[in-house]
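Trainee: Structure supplied as query01.pdb; contents: PDB, C-alpha atoms and all ligand atoms.
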ATOM      1  CA  MET H1445    -239.142 -60.786-187.491  1.00  0.00           C
ATOM      2  CA  LYS H1446    -238.227 -61.515-191.088  1.00  0.00           C
ATOM      3  CA  THR H1447    -237.578 -65.237-191.619  1.00  0.00           C
ATOM      4  CA  TYR H1448    -236.659 -65.286-195.327  1.00  0.00           C
ATOM      5  CA  ALA H1449    -234.513 -63.092-197.551  1.00  0.00           C
ATOM      6  CA  ARG H1450    -232.949 -63.408-200.977  1.00  0.00           C
ATOM      7  CA  VAL H1451    -229.585 -62.460-199.499  1.00  0.00           C
ATOM      8  CA  VAL H1452    -228.432 -62.380-195.886  1.00  0.00           C
ATOM      9  CA  VAL H1453    -225.306 -60.291-195.351  1.00  0.00           C
ATOM     10  CA  ILE H1454    -223.529 -61.097-192.103  1.00  0.00           C
ATOM     11  CA  GLY H1455    -221.636 -58.294-190.375  1.00  0.00           C
ATOM     12  CA  GLY H1456    -222.183 -54.538-190.280  1.00  0.00           C
ATOM     13  CA  GLY H1457    -218.662 -53.359-190.981  1.00  0.00           C
ATOM     14  CA  ILE H1458    -217.738 -51.679-194.259  1.00  0.00           C
ATOM     15  CA  ALA H1459    -217.685 -54.969-196.167  1.00  0.00           C
ATOM     16  CA  GLY H1460    -221.221 -55.947-195.133  1.00  0.00           C
ATOM     17  CA  CYS H1461    -222.723 -52.463-195.370  1.00  0.00           C
ATOM     18  CA  SER H1462    -221.118 -51.846-198.741  1.00  0.00           C
ATOM     19  CA  THR H1463    -222.461 -55.169-200.008  1.00  0.00           C
ATOM     20  CA  LEU H1464    -225.930 -54.214-198.771  1.00  0.00           C
ATOM     21  CA  TYR H1465    -225.647 -50.743-200.310  1.00  0.00           C
ATOM     22  CA  HIS H1466    -224.568 -51.991-203.707  1.00  0.00           C
ATOM     23  CA  LEU H1467    -227.172 -54.771-203.829  1.00  0.00           C
ATOM     24  CA  THR H1468    -229.965 -52.324-203.008  1.00  0.00           C
ATOM     25  CA  GLU H1469    -228.579 -49.825-205.519  1.00  0.00           C
ATOM     26  CA  GLN H1470    -228.943 -52.611-208.089  1.00  0.00           C
ATOM     27  CA  GLY H1471    -232.594 -53.040-207.089  1.00  0.00           C
ATOM     28  CA  TRP H1472    -232.246 -56.029-204.756  1.00  0.00           C
ATOM     29  CA  HIS H1473    -234.532 -55.052-201.883  1.00  0.00           C
ATOM     30  CA  ASP H1474    -235.073 -58.438-200.278  1.00  0.00           C
ATOM     31  CA  VAL H1475    -231.698 -58.252-198.567  1.00  0.00           C
ATOM     32  CA  VAL H1476    -231.049 -58.549-194.836  1.00  0.00           C
ATOM     33  CA  LEU H1477    -227.972 -57.488-192.926  1.00  0.00           C
ATOM     34  CA  VAL H1478    -227.324 -59.196-189.615  1.00  0.00           C
ATOM     35  CA  GLU H1479    -225.025 -57.502-187.090  1.00  0.00           C
ATOM     36  CA  ARG H1480    -224.396 -59.109-183.715  1.00  0.00           C
ATOM     37  CA  ASP H1481    -223.573 -55.816-182.000  1.00  0.00           C
ATOM     38  CA  GLU H1482    -223.706 -52.349-183.661  1.00  0.00           C
ATOM     39  CA  LEU H1483    -222.772 -51.113-187.122  1.00  0.00           C
ATOM     40  CA  THR H1484    -219.002 -50.376-187.210  1.00  0.00           C
ATOM     41  CA  SER H1485    -218.419 -52.106-183.875  1.00  0.00           C
ATOM     42  CA  GLY H1486    -215.723 -54.243-185.514  1.00  0.00           C
ATOM     43  CA  SER H1487    -212.431 -53.048-186.947  1.00  0.00           C
ATOM     44  CA  THR H1488    -213.983 -50.539-189.376  1.00  0.00           C
ATOM     45  CA  TRP H1489    -214.570 -47.750-186.856  1.00  0.00           C
ATOM     46  CA  HIS H1490    -210.855 -47.426-186.062  1.00  0.00           C
ATOM     47  CA  ALA H1491    -209.545 -47.872-189.619  1.00  0.00           C
ATOM     48  CA  ALA H1492    -206.718 -45.559-190.642  1.00  0.00           C
ATOM     49  CA  ALA H1493    -209.217 -44.064-193.130  1.00  0.00           C
ATOM     50  CA  GLN H1494    -206.891 -43.728-196.082  1.00  0.00           C
ATOM     51  CA  VAL H1495    -208.508 -43.594-199.517  1.00  0.00           C
ATOM     52  CA  THR H1496    -206.256 -44.176-202.481  1.00  0.00           C
ATOM     53  CA  GLN H1497    -206.411 -45.091-206.124  1.00  0.00           C
ATOM     54  CA  PHE H1498    -203.026 -46.795-206.103  1.00  0.00           C
ATOM     55  CA  GLY H1499    -203.240 -50.308-207.480  1.00  0.00           C
ATOM     56  CA  THR H1500    -201.014 -52.754-209.283  1.00  0.00           C
ATOM     57  CA  ASN H1501    -203.659 -54.160-211.601  1.00  0.00           C
ATOM     58  CA  GLN H1502    -206.683 -52.805-213.447  1.00  0.00           C
ATOM     59  CA  THR H1503    -209.201 -54.554-211.189  1.00  0.00           C
ATOM     60  CA  MET H1504    -207.889 -52.833-208.057  1.00  0.00           C
ATOM     61  CA  VAL H1505    -207.606 -49.455-209.746  1.00  0.00           C
ATOM     62  CA  ALA H1506    -211.161 -49.770-211.110  1.00  0.00           C
ATOM     63  CA  LEU H1507    -212.545 -50.683-207.670  1.00  0.00           C
ATOM     64  CA  LYS H1508    -210.798 -47.726-206.069  1.00  0.00           C
ATOM     65  CA  LYS H1509    -211.890 -45.390-208.839  1.00  0.00           C
ATOM     66  CA  HIS H1510    -215.487 -46.498-208.216  1.00  0.00           C
ATOM     67  CA  SER H1511    -215.083 -45.835-204.472  1.00  0.00           C
ATOM     68  CA  ILE H1512    -213.663 -42.369-205.020  1.00  0.00           C
ATOM     69  CA  ASN H1513    -216.484 -41.415-207.390  1.00  0.00           C
ATOM     70  CA  LEU H1514    -218.984 -42.629-204.803  1.00  0.00           C
ATOM     71  CA  TYR H1515    -217.242 -40.825-201.911  1.00  0.00           C
ATOM     72  CA  ARG H1516    -217.290 -37.563-203.830  1.00  0.00           C
ATOM     73  CA  GLN H1517    -221.055 -37.893-204.243  1.00  0.00           C
ATOM     74  CA  LEU H1518    -221.476 -38.739-200.558  1.00  0.00           C
ATOM     75  CA  ALA H1519    -219.364 -35.791-199.425  1.00  0.00           C
ATOM     76  CA  ALA H1520    -221.592 -33.518-201.494  1.00  0.00           C
ATOM     77  CA  ASP H1521    -224.827 -34.978-200.069  1.00  0.00           C
ATOM     78  CA  GLU H1522    -226.632 -32.151-198.245  1.00  0.00           C
ATOM     79  CA  GLU H1523    -228.666 -34.520-196.062  1.00  0.00           C
ATOM     80  CA  PHE H1524    -225.867 -36.772-194.874  1.00  0.00           C
ATOM     81  CA  PRO H1525    -222.483 -35.240-195.778  1.00  0.00           C
ATOM     82  CA  ILE H1526    -219.490 -37.400-194.957  1.00  0.00           C
ATOM     83  CA  ASP H1527    -216.087 -36.004-193.941  1.00  0.00           C
ATOM     84  CA  TYR H1528    -213.924 -36.613-196.987  1.00  0.00           C
ATOM     85  CA  HIS H1529    -210.661 -34.859-197.823  1.00  0.00           C
ATOM     86  CA  ILE H1530    -208.703 -35.169-201.043  1.00  0.00           C
ATOM     87  CA  THR H1531    -205.090 -34.294-200.342  1.00  0.00           C
ATOM     88  CA  GLY H1532    -203.039 -36.106-202.969  1.00  0.00           C
ATOM     89  CA  GLY H1533    -200.461 -38.687-201.974  1.00  0.00           C
ATOM     90  CA  MET H1534    -197.360 -40.473-203.174  1.00  0.00           C
ATOM     91  CA  ARG H1535    -195.525 -43.783-203.155  1.00  0.00           C
ATOM     92  CA  LEU H1536    -191.766 -43.314-202.916  1.00  0.00           C
ATOM     93  CA  ALA H1537    -189.189 -44.913-205.211  1.00  0.00           C
ATOM     94  CA  HIS H1538    -185.700 -45.536-203.833  1.00  0.00           C
ATOM     95  CA  THR H1539    -184.544 -48.067-206.429  1.00  0.00           C
ATOM     96  CA  GLN H1540    -184.537 -48.116-210.217  1.00  0.00           C
ATOM     97  CA  ASP H1541    -186.758 -51.209-210.049  1.00  0.00           C
ATOM     98  CA  GLN H1542    -189.392 -49.186-208.172  1.00  0.00           C
ATOM     99  CA  VAL H1543    -189.126 -46.342-210.678  1.00  0.00           C
ATOM    100  CA  ASP H1544    -189.668 -48.750-213.591  1.00  0.00           C
ATOM    101  CA  THR H1545    -192.530 -50.511-211.821  1.00  0.00           C
ATOM    102  CA  TYR H1546    -194.305 -47.269-210.927  1.00  0.00           C
ATOM    103  CA  LYS H1547    -193.977 -45.988-214.479  1.00  0.00           C
ATOM    104  CA  TYR H1548    -195.478 -49.237-215.741  1.00  0.00           C
ATOM    105  CA  PHE H1549    -198.476 -48.906-213.361  1.00  0.00           C
ATOM    106  CA  ILE H1550    -198.948 -45.249-214.277  1.00  0.00           C
ATOM    107  CA  GLY H1551    -199.067 -46.215-217.950  1.00  0.00           C
ATOM    108  CA  MET H1552    -201.544 -49.022-217.244  1.00  0.00           C
ATOM    109  CA  ALA H1553    -203.847 -46.644-215.348  1.00  0.00           C
ATOM    110  CA  LYS H1554    -203.747 -44.022-218.117  1.00  0.00           C
ATOM    111  CA  GLY H1555    -205.738 -46.444-220.259  1.00  0.00           C
ATOM    112  CA  MET H1556    -208.444 -46.284-217.573  1.00  0.00           C
ATOM    113  CA  ASN H1557    -208.485 -42.473-217.491  1.00  0.00           C
ATOM    114  CA  VAL H1558    -206.770 -42.438-214.114  1.00  0.00           C
ATOM    115  CA  ASP H1559    -204.249 -39.612-213.990  1.00  0.00           C
ATOM    116  CA  PHE H1560    -201.350 -40.805-211.906  1.00  0.00           C
ATOM    117  CA  GLU H1561    -198.099 -38.938-212.367  1.00  0.00           C
ATOM    118  CA  TYR H1562    -194.431 -39.828-212.002  1.00  0.00           C
ATOM    119  CA  ILE H1563    -192.550 -37.014-210.262  1.00  0.00           C
ATOM    120  CA  ASP H1564    -188.820 -36.627-209.566  1.00  0.00           C
ATOM    121  CA  ALA H1565    -187.321 -36.345-206.090  1.00  0.00           C
ATOM    122  CA  HIS H1566    -187.154 -32.551-206.206  1.00  0.00           C
ATOM    123  CA  GLU H1567    -190.856 -32.264-207.049  1.00  0.00           C
ATOM    124  CA  ALA H1568    -191.729 -34.864-204.376  1.00  0.00           C
ATOM    125  CA  GLY H1569    -189.900 -32.726-201.814  1.00  0.00           C
ATOM    126  CA  ARG H1570    -191.718 -29.631-203.022  1.00  0.00           C
ATOM    127  CA  ARG H1571    -195.105 -31.318-202.614  1.00  0.00           C
ATOM    128  CA  HIS H1572    -194.217 -32.694-199.172  1.00  0.00           C
ATOM    129  CA  PRO H1573    -191.783 -30.177-197.622  1.00  0.00           C
ATOM    130  CA  LEU H1574    -191.489 -32.133-194.339  1.00  0.00           C
ATOM    131  CA  MET H1575    -190.059 -35.175-196.146  1.00  0.00           C
ATOM    132  CA  LYS H1576    -186.316 -35.896-196.405  1.00  0.00           C
ATOM    133  CA  THR H1577    -185.474 -36.667-200.019  1.00  0.00           C
ATOM    134  CA  ASP H1578    -181.955 -38.113-199.521  1.00  0.00           C
ATOM    135  CA  GLY H1579    -181.634 -41.224-201.661  1.00  0.00           C
ATOM    136  CA  LEU H1580    -185.049 -40.678-203.206  1.00  0.00           C
ATOM    137  CA  LEU H1581    -185.260 -41.229-206.964  1.00  0.00           C
ATOM    138  CA  GLY H1582    -188.840 -40.162-207.512  1.00  0.00           C
ATOM    139  CA  ALA H1583    -192.444 -40.893-206.618  1.00  0.00           C
ATOM    140  CA  TRP H1584    -195.756 -42.115-207.962  1.00  0.00           C
ATOM    141  CA  TRP H1585    -198.285 -39.312-207.373  1.00  0.00           C
ATOM    142  CA  ASP H1586    -202.014 -39.886-206.963  1.00  0.00           C
ATOM    143  CA  PRO H1587    -203.888 -36.564-207.129  1.00  0.00           C
ATOM    144  CA  LEU H1588    -206.993 -38.161-205.589  1.00  0.00           C
ATOM    145  CA  ASP H1589    -205.395 -39.741-202.524  1.00  0.00           C
ATOM    146  CA  GLY H1590    -207.177 -38.700-199.343  1.00  0.00           C
ATOM    147  CA  ASP H1591    -209.130 -39.821-196.296  1.00  0.00           C
ATOM    148  CA  ILE H1592    -212.753 -40.399-195.326  1.00  0.00           C
ATOM    149  CA  ASP H1593    -214.461 -41.095-192.006  1.00  0.00           C
ATOM    150  CA  PRO H1594    -214.935 -44.908-192.043  1.00  0.00           C
ATOM    151  CA  ALA H1595    -217.706 -44.976-189.428  1.00  0.00           C
ATOM    152  CA  GLN H1596    -219.753 -42.274-191.189  1.00  0.00           C
ATOM    153  CA  LEU H1597    -219.293 -44.130-194.450  1.00  0.00           C
ATOM    154  CA  THR H1598    -220.490 -47.412-192.963  1.00  0.00           C
ATOM    155  CA  PHE H1599    -223.495 -45.779-191.338  1.00  0.00           C
ATOM    156  CA  PHE H1600    -224.354 -44.134-194.640  1.00  0.00           C
ATOM    157  CA  ALA H1601    -224.401 -47.495-196.378  1.00  0.00           C
ATOM    158  CA  GLY H1602    -226.207 -49.266-193.562  1.00  0.00           C
ATOM    159  CA  ALA H1603    -228.342 -46.875-191.541  1.00  0.00           C
ATOM    160  CA  PRO H1604    -231.916 -45.734-192.214  1.00  0.00           C
ATOM    161  CA  ARG H1605    -232.139 -42.529-194.264  1.00  0.00           C
ATOM    162  CA  PRO H1606    -235.303 -40.437-194.542  1.00  0.00           C
ATOM    163  CA  LYS H1607    -235.121 -40.136-198.306  1.00  0.00           C
ATOM    164  CA  GLY H1608    -232.973 -43.195-198.955  1.00  0.00           C
ATOM    165  CA  ARG H1609    -233.321 -45.005-202.235  1.00  0.00           C
ATOM    166  CA  GLY H1610    -234.219 -48.312-200.657  1.00  0.00           C
ATOM    167  CA  ARG H1611    -231.074 -48.807-198.656  1.00  0.00           C
ATOM    168  CA  GLY H1612    -232.273 -47.782-195.191  1.00  0.00           C
ATOM    169  CA  ILE H1613    -232.052 -50.733-192.843  1.00  0.00           C
ATOM    170  CA  PRO H1614    -233.983 -50.351-189.589  1.00  0.00           C
ATOM    171  CA  LEU H1615    -232.875 -52.506-186.693  1.00  0.00           C
ATOM    172  CA  GLN H1616    -234.999 -55.638-186.356  1.00  0.00           C
ATOM    173  CA  PRO H1617    -235.543 -57.611-183.153  1.00  0.00           C
ATOM    174  CA  GLY H1618    -232.570 -59.924-182.860  1.00  0.00           C
ATOM    175  CA  GLY H1619    -230.197 -57.531-184.597  1.00  0.00           C
ATOM    176  CA  GLY H1620    -231.210 -58.059-188.234  1.00  0.00           C
ATOM    177  CA  HIS H1621    -231.510 -55.136-190.670  1.00  0.00           C
ATOM    178  CA  HIS H1622    -233.385 -55.002-193.949  1.00  0.00           C
ATOM    179  CA  PRO H1623    -233.683 -52.357-196.619  1.00  0.00           C
ATOM    180  CA  GLN H1624    -236.869 -50.326-196.913  1.00  0.00           C
ATOM    181  CA  GLY H1625    -238.020 -51.091-200.449  1.00  0.00           C
TER
HETATM  182  C1  LIG H1701    -212.804 -45.686-195.347  1.00  0.00           C
HETATM  183  C2  LIG H1701    -211.887 -46.810-194.936  1.00  0.00           C
HETATM  184  C3  LIG H1701    -210.538 -46.579-194.935  1.00  0.00           C
HETATM  185  C4  LIG H1701    -209.662 -47.589-194.566  1.00  0.00           C
HETATM  186  N1  LIG H1701    -208.354 -47.306-194.536  1.00  0.00           N
HETATM  187  C5  LIG H1701    -207.487 -48.249-194.184  1.00  0.00           C
HETATM  188  C6  LIG H1701    -206.104 -47.964-194.153  1.00  0.00           C
HETATM  189  O1  LIG H1701    -205.698 -46.836-194.427  1.00  0.00           O
HETATM  190  N2  LIG H1701    -205.251 -48.948-193.826  1.00  0.00           N
HETATM  191  C7  LIG H1701    -205.699 -50.214-193.504  1.00  0.00           C
HETATM  192  O2  LIG H1701    -204.886 -51.081-193.229  1.00  0.00           O
HETATM  193  N3  LIG H1701    -207.006 -50.509-193.514  1.00  0.00           N
HETATM  194  C8  LIG H1701    -207.902 -49.568-193.848  1.00  0.00           C
HETATM  195  N4  LIG H1701    -209.238 -49.873-193.886  1.00  0.00           N
HETATM  196  C9  LIG H1701    -209.669 -51.256-193.606  1.00  0.00           C
HETATM  197  C10 LIG H1701    -210.072 -51.418-192.135  1.00  0.00           C
HETATM  198  O3  LIG H1701    -208.957 -51.277-191.293  1.00  0.00           O
HETATM  199  C11 LIG H1701    -210.716 -52.816-191.877  1.00  0.00           C
HETATM  200  O4  LIG H1701    -209.858 -53.834-192.357  1.00  0.00           O
HETATM  201  C12 LIG H1701    -212.056 -52.969-192.562  1.00  0.00           C
HETATM  202  O5  LIG H1701    -212.843 -51.820-192.321  1.00  0.00           O
HETATM  203  C13 LIG H1701    -212.737 -54.235-192.023  1.00  0.00           C
HETATM  204  O6  LIG H1701    -214.052 -54.244-192.500  1.00  0.00           O
HETATM  205  P1  LIG H1701    -214.942 -55.540-192.339  1.00  0.00           P
HETATM  206  O7  LIG H1701    -216.345 -55.147-192.689  1.00  0.00           O
HETATM  207  O8  LIG H1701    -214.320 -56.657-193.096  1.00  0.00           O
HETATM  208  O9  LIG H1701    -214.819 -55.978-190.811  1.00  0.00           O
HETATM  209  P2  LIG H1701    -215.425 -55.305-189.403  1.00  0.00           P
HETATM  210  O10 LIG H1701    -215.432 -53.829-189.494  1.00  0.00           O
HETATM  211  O11 LIG H1701    -214.651 -55.948-188.346  1.00  0.00           O
HETATM  212  O12 LIG H1701    -216.907 -55.799-189.467  1.00  0.00           O
HETATM  213  C14 LIG H1701    -217.297 -57.097-189.168  1.00  0.00           C
HETATM  214  C15 LIG H1701    -218.645 -57.001-188.460  1.00  0.00           C
HETATM  215  O13 LIG H1701    -219.191 -58.304-188.395  1.00  0.00           O
HETATM  216  C16 LIG H1701    -219.810 -58.475-187.139  1.00  0.00           C
HETATM  217  N5  LIG H1701    -219.884 -59.909-186.939  1.00  0.00           N
HETATM  218  C17 LIG H1701    -218.845 -60.777-186.818  1.00  0.00           C
HETATM  219  N6  LIG H1701    -219.308 -62.035-186.677  1.00  0.00           N
HETATM  220  C18 LIG H1701    -220.668 -61.959-186.728  1.00  0.00           C
HETATM  221  C19 LIG H1701    -221.695 -62.923-186.642  1.00  0.00           C
HETATM  222  N7  LIG H1701    -221.411 -64.231-186.481  1.00  0.00           N
HETATM  223  N8  LIG H1701    -222.971 -62.492-186.742  1.00  0.00           N
HETATM  224  C20 LIG H1701    -223.257 -61.178-186.889  1.00  0.00           C
HETATM  225  N9  LIG H1701    -222.308 -60.213-186.979  1.00  0.00           N
HETATM  226  C21 LIG H1701    -221.031 -60.609-186.890  1.00  0.00           C
HETATM  227  C22 LIG H1701    -218.914 -57.722-186.177  1.00  0.00           C
HETATM  228  O14 LIG H1701    -219.595 -57.354-184.998  1.00  0.00           O
HETATM  229  C23 LIG H1701    -218.517 -56.513-187.015  1.00  0.00           C
HETATM  230  O15 LIG H1701    -219.396 -55.409-186.824  1.00  0.00           O
HETATM  231  C24 LIG H1701    -210.150 -48.890-194.217  1.00  0.00           C
HETATM  232  C25 LIG H1701    -211.533 -49.108-194.203  1.00  0.00           C
HETATM  233  C26 LIG H1701    -212.397 -48.080-194.552  1.00  0.00           C
HETATM  234  C27 LIG H1701    -213.878 -48.332-194.515  1.00  0.00           C
END
Take the structure in the file and write it out as structure tokens.

Mentor:
Amino acid sequence: MKTYARVVVIGGGIAGCSTLYHLTEQGWHDVVLVERDELTSGSTWHAAAQVTQFGTNQTMVALKKHSINLYRQLAADEEFPIDYHITGGMRLAHTQDQVDTYKYFIGMAKGMNVDFEYIDAHEAGRRHPLMKTDGLLGAWWDPLDGDIDPAQLTFFAGAPRPKGRGRGIPLQPGGGHHPQG
């Protein structure tokens, strides 16, 4: 069993597997992931699975934009396609304060080439016909809102892959995982 590593990531949920994935993508191969049970055996496997770009500051929007770009690549992977659906989604505004705030965030995101849209109540009702629009002033629309299978995503980042680029992590005695360099 491996006794030394440059980085030891503890926990095989999305946070640990994503850390492992991104480190190995950056060329860090001496990285071990330790999971006490099975990958996704924590809260990740039953996550609500929503994927959104909504964010109230540039750091959050940039992180989510990165995730969405990655998920699109993963969904298109012929070897290991992941269930990913882009549906669009909205945050509702019932007060003028919310309208002003949403418009501010939409403007902030435009500078990052993220195309959010402010839509009025009529258009919100058109895009979601099952929704009651009484008292609604408008909505913040994210064209890339959607959902992805959290367990598949975690296994992608953490499990061995035949043609992986150094991020496969075979189970080691004692539950450790390490990337195949
Ligand atoms: C695609 C996706 C969509 C999501 N959508 C939503 C959403 O719409 N709404 C929402 O609220 N949340 C959402 N989430 C978040 C989700 O609900 C969880 O909060 C998140 O997945 C937790 O991840 P985690 O890695 O921090 O924890 P966990 O998944 O709990 O992973 C922790 C792991 O660490 C292991 N572990 C713990 N202690 C040790 C130890 N001492 N040694 C070894 N291993 C240990 C556990 O066994 C477990 O496997 C989403 C997550 C994903 C991935």

Trainee: Here's the selection I'm unsure about, the PyMOL selection byres (((chain H and resi 1446-1451) around 8) and not hetatm); applied to the file above, which residues does it give, as a list in words?

Mentor: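 With the shown file as input, the PyMOL selection byres (((chain H and resi 1446-1451) around 8) and not hetatm) matches Met1445, Val1452, Val1453, Asp1474, Val1475 and Val1476 of chain H.
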
Trainee: For Asn1513 (chain H), list every protein, DNA or RNA residue within 12 Å, evaluated using all atoms listed in the file, and leave out those in the same chain fewer than 3 positions away; present the list as a PyMOL selection string.

Mentor: chain H and resi 1495-1497+1506-1510+1516-1520+1528+1530+1558+1588

Trainee: Got time to write the residues from that selection, C-alpha atoms, as a compact mmCIF listing (two decimals), in the coordinates of the input?

Mentor:
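Result file is out.txt:
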# COMPACT_ATOMS: atom_id res chain seq x y z
CA VAL H 1495 -208.51 -43.59 -199.52
CA THR H 1496 -206.26 -44.18 -202.48
CA GLN H 1497 -206.41 -45.09 -206.12
CA ALA H 1506 -211.16 -49.77 -211.11
CA LEU H 1507 -212.54 -50.68 -207.67
CA LYS H 1508 -210.80 -47.73 -206.07
CA LYS H 1509 -211.89 -45.39 -208.84
CA HIS H 1510 -215.49 -46.50 -208.22
CA ARG H 1516 -217.29 -37.56 -203.83
CA GLN H 1517 -221.06 -37.89 -204.24
CA LEU H 1518 -221.48 -38.74 -200.56
CA ALA H 1519 -219.36 -35.79 -199.42
CA ALA H 1520 -221.59 -33.52 -201.49
CA TYR H 1528 -213.92 -36.61 -196.99
CA ILE H 1530 -208.70 -35.17 -201.04
CA VAL H 1558 -206.77 -42.44 -214.11
CA LEU H 1588 -206.99 -38.16 -205.59

Trainee: Give the residues close to ligand LIG 1701 (chain H), within 9 Å, counting all atoms listed in the file; write them as a compact mmCIF listing (two decimals) with C-alpha atoms, keeping the file's coordinate frame.

Mentor:
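selection02.txt, written as the output of this step:
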# COMPACT_ATOMS: atom_id res chain seq x y z
CA VAL H 1453 -225.31 -60.29 -195.35
CA ILE H 1454 -223.53 -61.10 -192.10
CA GLY H 1455 -221.64 -58.29 -190.38
CA GLY H 1456 -222.18 -54.54 -190.28
CA GLY H 1457 -218.66 -53.36 -190.98
CA ILE H 1458 -217.74 -51.68 -194.26
CA ALA H 1459 -217.68 -54.97 -196.17
CA GLY H 1460 -221.22 -55.95 -195.13
CA CYS H 1461 -222.72 -52.46 -195.37
CA SER H 1462 -221.12 -51.85 -198.74
CA LEU H 1477 -227.97 -57.49 -192.93
CA VAL H 1478 -227.32 -59.20 -189.62
CA GLU H 1479 -225.02 -57.50 -187.09
CA ARG H 1480 -224.40 -59.11 -183.72
CA ASP H 1481 -223.57 -55.82 -182.00
CA GLU H 1482 -223.71 -52.35 -183.66
CA LEU H 1483 -222.77 -51.11 -187.12
CA THR H 1484 -219.00 -50.38 -187.21
CA SER H 1485 -218.42 -52.11 -183.88
CA GLY H 1486 -215.72 -54.24 -185.51
CA SER H 1487 -212.43 -53.05 -186.95
CA THR H 1488 -213.98 -50.54 -189.38
CA TRP H 1489 -214.57 -47.75 -186.86
CA HIS H 1490 -210.86 -47.43 -186.06
CA ALA H 1491 -209.54 -47.87 -189.62
CA ALA H 1492 -206.72 -45.56 -190.64
CA ALA H 1493 -209.22 -44.06 -193.13
CA GLN H 1494 -206.89 -43.73 -196.08
CA VAL H 1495 -208.51 -43.59 -199.52
CA THR H 1496 -206.26 -44.18 -202.48
CA ASP H 1591 -209.13 -39.82 -196.30
CA ILE H 1592 -212.75 -40.40 -195.33
CA ASP H 1593 -214.46 -41.10 -192.01
CA PRO H 1594 -214.94 -44.91 -192.04
CA ALA H 1595 -217.71 -44.98 -189.43
CA GLN H 1596 -219.75 -42.27 -191.19
CA LEU H 1597 -219.29 -44.13 -194.45
CA THR H 1598 -220.49 -47.41 -192.96
CA GLY H 1619 -230.20 -57.53 -184.60
CA GLY H 1620 -231.21 -58.06 -188.23

Trainee: Any chance you could work out the axis-aligned box around region 1566-1576 of chain H, listed atoms only, 5 Å on each side, giving centre and edge lengths in Å to one decimal, as AutoDock Vina command-line options?

Mentor:
--center_x -190.7 --center_y -32.8 --center_z -200.7 --size_x 18.8 --size_y 16.3 --size_z 22.7

Trainee: Could you please determine the separation between CA of Tyr1548 (chain H) and CA of Leu1574 (chain H) in Å, to one decimal place?

Mentor: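 Interatomic distance, CA of Tyr1548 (chain H) to CA of Leu1574 (chain H): 27.7 Å.
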
Trainee: Given the choices H:His1566, H:His1538, H:Val1505, H:His1466, which gets closest to Leu1580 (chain H) if the distance is worked out from all atoms listed in the file?

Mentor: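 The shortest atom-to-atom distance to Leu1580 (chain H) comes from H:His1538.
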
Trainee: At what distance in Å, to one decimal, does CA of Pro1587 (chain H) lie from CA of His1572 (chain H)?

Mentor: 13.1 Å

Trainee: Can you save region 1508-1520 of chain H of the given block to a file, including N, CA and C atoms and formatted as a PDB file, in the first residue's frame?

Mentor:
ATOM      1  N   LYS H1508     -19.132  28.310 -11.563  1.00  0.00           N
ATOM      2  CA  LYS H1508     -20.250  27.586 -12.166  1.00  0.00           C
ATOM      3  C   LYS H1508     -20.098  27.505 -13.683  1.00  0.00           C
ATOM      4  N   LYS H1509     -19.560  28.567 -14.251  1.00  0.00           N
ATOM      5  CA  LYS H1509     -19.318  28.560 -15.702  1.00  0.00           C
ATOM      6  C   LYS H1509     -18.306  27.454 -16.043  1.00  0.00           C
ATOM      7  N   HIS H1510     -17.266  27.343 -15.218  1.00  0.00           N
ATOM      8  CA  HIS H1510     -16.269  26.283 -15.417  1.00  0.00           C
ATOM      9  C   HIS H1510     -16.948  24.910 -15.342  1.00  0.00           C
ATOM     10  N   SER H1511     -17.809  24.719 -14.335  1.00  0.00           N
ATOM     11  CA  SER H1511     -18.477  23.422 -14.167  1.00  0.00           C
ATOM     12  C   SER H1511     -19.329  23.100 -15.391  1.00  0.00           C
ATOM     13  N   ILE H1512     -20.081  24.078 -15.854  1.00  0.00           N
ATOM     14  CA  ILE H1512     -20.964  23.819 -16.993  1.00  0.00           C
ATOM     15  C   ILE H1512     -20.164  23.472 -18.246  1.00  0.00           C
ATOM     16  N   ASN H1513     -19.061  24.169 -18.472  1.00  0.00           N
ATOM     17  CA  ASN H1513     -18.214  23.827 -19.624  1.00  0.00           C
ATOM     18  C   ASN H1513     -17.705  22.400 -19.506  1.00  0.00           C
ATOM     19  N   LEU H1514     -17.291  22.027 -18.290  1.00  0.00           N
ATOM     20  CA  LEU H1514     -16.800  20.666 -18.066  1.00  0.00           C
ATOM     21  C   LEU H1514     -17.928  19.645 -18.264  1.00  0.00           C
ATOM     22  N   TYR H1515     -19.103  19.907 -17.720  1.00  0.00           N
ATOM     23  CA  TYR H1515     -20.218  18.960 -17.825  1.00  0.00           C
ATOM     24  C   TYR H1515     -20.613  18.738 -19.288  1.00  0.00           C
ATOM     25  N   ARG H1516     -20.546  19.801 -20.062  1.00  0.00           N
ATOM     26  CA  ARG H1516     -20.889  19.640 -21.488  1.00  0.00           C
ATOM     27  C   ARG H1516     -19.913  18.684 -22.154  1.00  0.00           C
ATOM     28  N   GLN H1517     -18.629  18.816 -21.810  1.00  0.00           N
ATOM     29  CA  GLN H1517     -17.634  17.889 -22.380  1.00  0.00           C
ATOM     30  C   GLN H1517     -17.920  16.467 -21.925  1.00  0.00           C
ATOM     31  N   LEU H1518     -18.252  16.317 -20.633  1.00  0.00           N
ATOM     32  CA  LEU H1518     -18.472  14.969 -20.090  1.00  0.00           C
ATOM     33  C   LEU H1518     -19.712  14.325 -20.715  1.00  0.00           C
ATOM     34  N   ALA H1519     -20.742  15.130 -20.935  1.00  0.00           N
ATOM     35  CA  ALA H1519     -21.967  14.572 -21.528  1.00  0.00           C
ATOM     36  C   ALA H1519     -21.703  14.095 -22.953  1.00  0.00           C
ATOM     37  N   ALA H1520     -20.713  14.712 -23.601  1.00  0.00           N
ATOM     38  CA  ALA H1520     -20.419  14.362 -24.989  1.00  0.00           C
ATOM     39  C   ALA H1520     -19.390  13.232 -25.097  1.00  0.00           C
TER      40      ALA H1520
END
